[in-house]
Amino acid sequence: MMIKKMITGVLTVAVLAMSSCSSGEKDPAAYNNSIITVINGSEKHITDMNAAMNGSDYAKAEQVRADWEKALNEDIKKVEDLGDFKGDATFQKAVLDGLNGYKKIVTEDYPKLIEIRKNKTPDAATESTLLDNINKAFESMSSGVNKASTEFETKYNK
């Protein structure tokens, strides 16, 4: 079963649509771009994980999972260090929520899914639950960040 892929193309368009007008403070386009760049880093891990799992290469899947976990810890720190935008933490919070959602599936759901498949111990109910959790995390990240990005652009692209 293929795991859904997060749609980041819409977010990239939002980066390009933001005008770059600096007022000596944080620039909204630069702030938006900094956040979206962090998010887009997870897309490679998602693609690599899908390839490893679909190819039944569970050693590779575990390596991808470990690398992704490390990258998520770094990404969460980057977004935390970026801070809010002029006192507005809505966009930052949406991204942190999404990244922490990814971290949860990378540290909890993927290890179990990899183990089930690696050991060839069929457990359709558990596997289905794990896949649902993973897909829900992707959907939540995508919709939450898309919504926050659109609201951010509307509010600060003047």
# chains A, B, ... in the order shown; residues from 1 in each chain; ligands from 1
>>> closest_atom_pairs(of="segment 56-119 of chain A", to="segment 125-137 of chain A", cutoff="9 Å", atoms="only C-alpha atoms", output="tab-separated table")
residue	atom	partner	partner_atom	distance
A:Gly98	CA	A:Ala137	CA	7.4
A:Gly101	CA	A:Ala137	CA	5.7
A:Tyr102	CA	A:Ala137	CA	6.3
A:Lys104	CA	A:Ala137	CA	8.7
A:Ile105	CA	A:Ile134	CA	6.0
A:Val106	CA	A:Ile134	CA	8.7
A:Asp109	CA	A:Leu130	CA	5.6
A:Tyr110	CA	A:Leu130	CA	7.6
A:Lys112	CA	A:Leu130	CA	7.8
A:Leu113	CA	A:Glu127	CA	6.3
A:Ile116	CA	A:Glu127	CA	7.6
A:Arg117	CA	A:Glu127	CA	8.7
>>> write_last_selection(atoms="N, CA and C atoms", output="JSON list (two decimals), in the first residue's frame")
[["chain", "number", "residue", "atom", "x", "y", "z"],
["A", 98, "GLY", "N", 2.90, 20.45, 12.54],
["A", 98, "GLY", "CA", 3.10, 19.48, 11.46],
["A", 98, "GLY", "C", 4.39, 18.69, 11.61],
["A", 101, "GLY", "N", 4.04, 16.27, 14.32],
["A", 101, "GLY", "CA", 3.21, 15.16, 13.83],
["A", 101, "GLY", "C", 4.05, 14.17, 13.05],
["A", 102, "TYR", "N", 4.92, 14.69, 12.19],
["A", 102, "TYR", "CA", 5.84, 13.83, 11.45],
["A", 102, "TYR", "C", 6.75, 13.08, 12.42],
["A", 104, "LYS", "N", 6.23, 12.20, 15.42],
["A", 104, "LYS", "CA", 5.48, 11.14, 16.09],
["A", 104, "LYS", "C", 5.39, 9.88, 15.21],
["A", 105, "ILE", "N", 5.07, 10.05, 13.93],
["A", 105, "ILE", "CA", 4.97, 8.85, 13.08],
["A", 105, "ILE", "C", 6.34, 8.25, 12.79],
["A", 106, "VAL", "N", 7.36, 9.11, 12.73],
["A", 106, "VAL", "CA", 8.72, 8.62, 12.45],
["A", 106, "VAL", "C", 9.30, 7.86, 13.64],
["A", 109, "ASP", "N", 5.14, 5.16, 14.62],
["A", 109, "ASP", "CA", 4.41, 4.34, 13.65],
["A", 109, "ASP", "C", 5.32, 3.64, 12.64],
["A", 110, "TYR", "N", 6.28, 4.37, 12.07],
["A", 110, "TYR", "CA", 7.16, 3.73, 11.08],
["A", 110, "TYR", "C", 7.97, 2.58, 11.67],
["A", 112, "LYS", "N", 7.17, 0.44, 13.92],
["A", 112, "LYS", "CA", 6.27, -0.72, 14.02],
["A", 112, "LYS", "C", 5.94, -1.27, 12.64],
["A", 113, "LEU", "N", 5.68, -0.37, 11.69],
["A", 113, "LEU", "CA", 5.34, -0.80, 10.33],
["A", 113, "LEU", "C", 6.52, -1.53, 9.69],
["A", 116, "ILE", "N", 6.80, -5.04, 11.31],
["A", 116, "ILE", "CA", 5.77, -5.97, 10.84],
["A", 116, "ILE", "C", 6.13, -6.50, 9.46],
["A", 117, "ARG", "N", 6.51, -5.58, 8.57],
["A", 117, "ARG", "CA", 6.81, -6.01, 7.20],
["A", 117, "ARG", "C", 8.11, -6.79, 7.12]]
>>> residues_around(residues="Phe85 of chain A", least_positions_apart="2", cutoff="8 Å", atoms="only C-alpha atoms", output="JSON list (two decimals) with N, CA and C atoms, in the first residue's frame")
[["chain", "number", "residue", "atom", "x", "y", "z"],
["A", 26, "LYS", "N", 11.46, 42.12, 10.04],
["A", 26, "LYS", "CA", 11.39, 40.86, 9.30],
["A", 26, "LYS", "C", 10.56, 41.07, 8.03],
["A", 28, "PRO", "N", 8.17, 39.67, 5.22],
["A", 28, "PRO", "CA", 7.23, 38.55, 5.18],
["A", 28, "PRO", "C", 7.60, 37.48, 4.15],
["A", 31, "TYR", "N", 10.53, 35.46, 5.54],
["A", 31, "TYR", "CA", 10.07, 34.63, 6.66],
["A", 31, "TYR", "C", 9.32, 33.41, 6.11],
["A", 83, "GLY", "N", 11.47, 31.92, 15.21],
["A", 83, "GLY", "CA", 10.57, 32.74, 16.02],
["A", 83, "GLY", "C", 9.29, 33.09, 15.30],
["A", 87, "GLY", "N", 5.34, 39.14, 16.36],
["A", 87, "GLY", "CA", 4.43, 38.78, 17.44],
["A", 87, "GLY", "C", 3.35, 37.79, 17.04],
["A", 88, "ASP", "N", 3.26, 37.45, 15.77],
["A", 88, "ASP", "CA", 2.24, 36.52, 15.27],
["A", 88, "ASP", "C", 2.90, 35.15, 15.08],
["A", 89, "ALA", "N", 2.52, 34.20, 15.93],
["A", 89, "ALA", "CA", 3.13, 32.86, 15.88],
["A", 89, "ALA", "C", 2.23, 31.84, 15.19]]
>>> residues_around(residues="Leu72 of chain A", least_positions_apart="6", cutoff="10 Å", atoms="only C-alpha atoms", output="list of chain:residue names")
A:Val38, A:Ile39, A:Gly41, A:Ser42, A:Ala66, A:Lys78, A:Leu99, A:Asn100, A:Tyr102, A:Lys103, A:Val106
>>> residues_around(residues="segment 90-96 of chain A", least_positions_apart="5", cutoff="12 Å", atoms="only C-alpha atoms", output="compact mmCIF listing (two decimals) with C-alpha atoms, in the first residue's frame")
# COMPACT_ATOMS: atom_id res chain seq x y z
CA LEU A 11 3.38 26.01 -0.61
CA PRO A 28 7.23 38.55 5.18
CA TYR A 31 10.07 34.63 6.66
CA ASN A 32 7.59 32.58 4.59
CA ASN A 33 10.41 31.27 2.39
CA SER A 34 12.49 30.26 5.44
CA ILE A 35 9.60 28.24 6.85
CA ILE A 36 8.62 26.60 3.57
CA THR A 37 12.24 25.64 2.85
CA VAL A 38 12.33 23.75 6.16
CA ILE A 39 9.06 21.95 5.38
CA ASN A 40 10.10 20.98 1.87
CA SER A 42 10.72 16.33 4.52
CA LEU A 72 13.08 16.58 11.98
CA ASN A 73 14.84 17.41 15.26
CA GLU A 74 16.99 19.91 13.36
CA ASP A 75 13.99 21.31 11.45
CA ILE A 76 11.95 21.80 14.62
CA LYS A 77 14.88 23.71 16.14
CA LYS A 78 15.23 25.85 12.99
CA VAL A 79 11.55 26.84 13.09
CA GLU A 80 11.69 27.49 16.84
CA ASP A 81 14.81 29.63 16.36
CA LEU A 82 13.14 31.52 13.50
CA GLY A 83 10.57 32.74 16.02
CA ASP A 84 7.26 34.38 15.34
CA PHE A 85 6.58 37.07 12.75
CA GLY A 101 3.21 15.16 13.83
CA TYR A 102 5.84 13.83 11.45
CA LYS A 103 8.18 13.19 14.38
CA SER A 140 -2.80 17.24 8.72
CA MET A 141 0.60 18.75 7.95
CA SER A 142 -0.39 19.63 4.41
CA SER A 143 -3.76 21.15 5.21
CA GLY A 144 -2.58 22.93 8.38
CA VAL A 145 0.44 24.49 6.72
CA ASN A 146 -1.43 25.37 3.51
CA LYS A 147 -4.11 27.13 5.55
CA ALA A 148 -1.58 28.97 7.72
CA SER A 149 0.53 29.91 4.69
CA THR A 150 -2.49 31.33 2.85
CA GLU A 151 -3.56 33.29 5.93
CA PHE A 152 -0.01 34.58 6.40
CA GLU A 153 0.23 35.66 2.77
CA LYS A 155 -2.29 39.21 6.12
CA TYR A 156 1.25 40.33 5.26
>>> closest_residue(among="A:Lys60, A:His45, A:Arg65, A:Lys120", to="Thr107 of chain A", atoms="only C-alpha atoms")
A:Arg65
>>> atom_distance(atom1="atom CA of Pro122 of chain A", atom2="atom CA of Val64 of chain A")
22.7 Å
>>> decode(residues="segment 76-97 of chain A", atoms="N, CA and C atoms", output="PDB file, in the first residue's frame")
ATOM      1  N   ILE A  76      12.754  21.227  13.530  1.00  0.00           N
ATOM      2  CA  ILE A  76      11.955  21.798  14.624  1.00  0.00           C
ATOM      3  C   ILE A  76      12.749  22.912  15.292  1.00  0.00           C
ATOM      4  N   LYS A  77      14.029  22.679  15.527  1.00  0.00           N
ATOM      5  CA  LYS A  77      14.876  23.707  16.140  1.00  0.00           C
ATOM      6  C   LYS A  77      14.984  24.940  15.236  1.00  0.00           C
ATOM      7  N   LYS A  78      15.137  24.723  13.930  1.00  0.00           N
ATOM      8  CA  LYS A  78      15.228  25.847  12.985  1.00  0.00           C
ATOM      9  C   LYS A  78      13.977  26.719  13.063  1.00  0.00           C
ATOM     10  N   VAL A  79      12.805  26.086  13.069  1.00  0.00           N
ATOM     11  CA  VAL A  79      11.547  26.840  13.094  1.00  0.00           C
ATOM     12  C   VAL A  79      11.365  27.527  14.451  1.00  0.00           C
ATOM     13  N   GLU A  80      11.750  26.846  15.515  1.00  0.00           N
ATOM     14  CA  GLU A  80      11.686  27.486  16.838  1.00  0.00           C
ATOM     15  C   GLU A  80      12.620  28.698  16.884  1.00  0.00           C
ATOM     16  N   ASP A  81      13.838  28.536  16.360  1.00  0.00           N
ATOM     17  CA  ASP A  81      14.811  29.630  16.356  1.00  0.00           C
ATOM     18  C   ASP A  81      14.375  30.783  15.461  1.00  0.00           C
ATOM     19  N   LEU A  82      13.642  30.479  14.402  1.00  0.00           N
ATOM     20  CA  LEU A  82      13.139  31.519  13.503  1.00  0.00           C
ATOM     21  C   LEU A  82      12.203  32.470  14.252  1.00  0.00           C
ATOM     22  N   GLY A  83      11.466  31.923  15.208  1.00  0.00           N
ATOM     23  CA  GLY A  83      10.571  32.740  16.022  1.00  0.00           C
ATOM     24  C   GLY A  83       9.286  33.090  15.300  1.00  0.00           C
ATOM     25  N   ASP A  84       8.528  33.959  15.924  1.00  0.00           N
ATOM     26  CA  ASP A  84       7.261  34.378  15.335  1.00  0.00           C
ATOM     27  C   ASP A  84       7.524  35.499  14.325  1.00  0.00           C
ATOM     28  N   PHE A  85       6.471  35.947  13.680  1.00  0.00           N
ATOM     29  CA  PHE A  85       6.579  37.072  12.745  1.00  0.00           C
ATOM     30  C   PHE A  85       5.877  38.266  13.366  1.00  0.00           C
ATOM     31  N   LYS A  86       6.660  39.198  13.855  1.00  0.00           N
ATOM     32  CA  LYS A  86       6.129  40.437  14.454  1.00  0.00           C
ATOM     33  C   LYS A  86       5.068  40.135  15.513  1.00  0.00           C
ATOM     34  N   GLY A  87       5.344  39.142  16.356  1.00  0.00           N
ATOM     35  CA  GLY A  87       4.427  38.784  17.436  1.00  0.00           C
ATOM     36  C   GLY A  87       3.349  37.793  17.040  1.00  0.00           C
ATOM     37  N   ASP A  88       3.260  37.447  15.766  1.00  0.00           N
ATOM     38  CA  ASP A  88       2.244  36.521  15.270  1.00  0.00           C
ATOM     39  C   ASP A  88       2.895  35.148  15.077  1.00  0.00           C
ATOM     40  N   ALA A  89       2.523  34.200  15.929  1.00  0.00           N
ATOM     41  CA  ALA A  89       3.129  32.860  15.883  1.00  0.00           C
ATOM     42  C   ALA A  89       2.226  31.836  15.190  1.00  0.00           C
ATOM     43  N   THR A  90       1.173  32.275  14.521  1.00  0.00           N
ATOM     44  CA  THR A  90       0.210  31.350  13.918  1.00  0.00           C
ATOM     45  C   THR A  90       0.861  30.437  12.891  1.00  0.00           C
ATOM     46  N   PHE A  91       1.616  31.015  11.964  1.00  0.00           N
ATOM     47  CA  PHE A  91       2.261  30.235  10.911  1.00  0.00           C
ATOM     48  C   PHE A  91       3.320  29.313  11.519  1.00  0.00           C
ATOM     49  N   GLN A  92       4.126  29.853  12.400  1.00  0.00           N
ATOM     50  CA  GLN A  92       5.174  29.074  13.067  1.00  0.00           C
ATOM     51  C   GLN A  92       4.561  27.888  13.814  1.00  0.00           C
ATOM     52  N   LYS A  93       3.472  28.119  14.533  1.00  0.00           N
ATOM     53  CA  LYS A  93       2.821  27.058  15.309  1.00  0.00           C
ATOM     54  C   LYS A  93       2.280  25.959  14.393  1.00  0.00           C
ATOM     55  N   ALA A  94       1.675  26.355  13.268  1.00  0.00           N
ATOM     56  CA  ALA A  94       1.142  25.355  12.331  1.00  0.00           C
ATOM     57  C   ALA A  94       2.258  24.456  11.800  1.00  0.00           C
ATOM     58  N   VAL A  95       3.398  25.060  11.502  1.00  0.00           N
ATOM     59  CA  VAL A  95       4.530  24.291  10.986  1.00  0.00           C
ATOM     60  C   VAL A  95       5.103  23.384  12.073  1.00  0.00           C
ATOM     61  N   LEU A  96       5.251  23.924  13.277  1.00  0.00           N
ATOM     62  CA  LEU A  96       5.759  23.099  14.389  1.00  0.00           C
ATOM     63  C   LEU A  96       4.814  21.940  14.688  1.00  0.00           C
ATOM     64  N   ASP A  97       3.509  22.199  14.642  1.00  0.00           N
ATOM     65  CA  ASP A  97       2.528  21.126  14.846  1.00  0.00           C
ATOM     66  C   ASP A  97       2.723  20.035  13.791  1.00  0.00           C
TER      67      ASP A  97
END
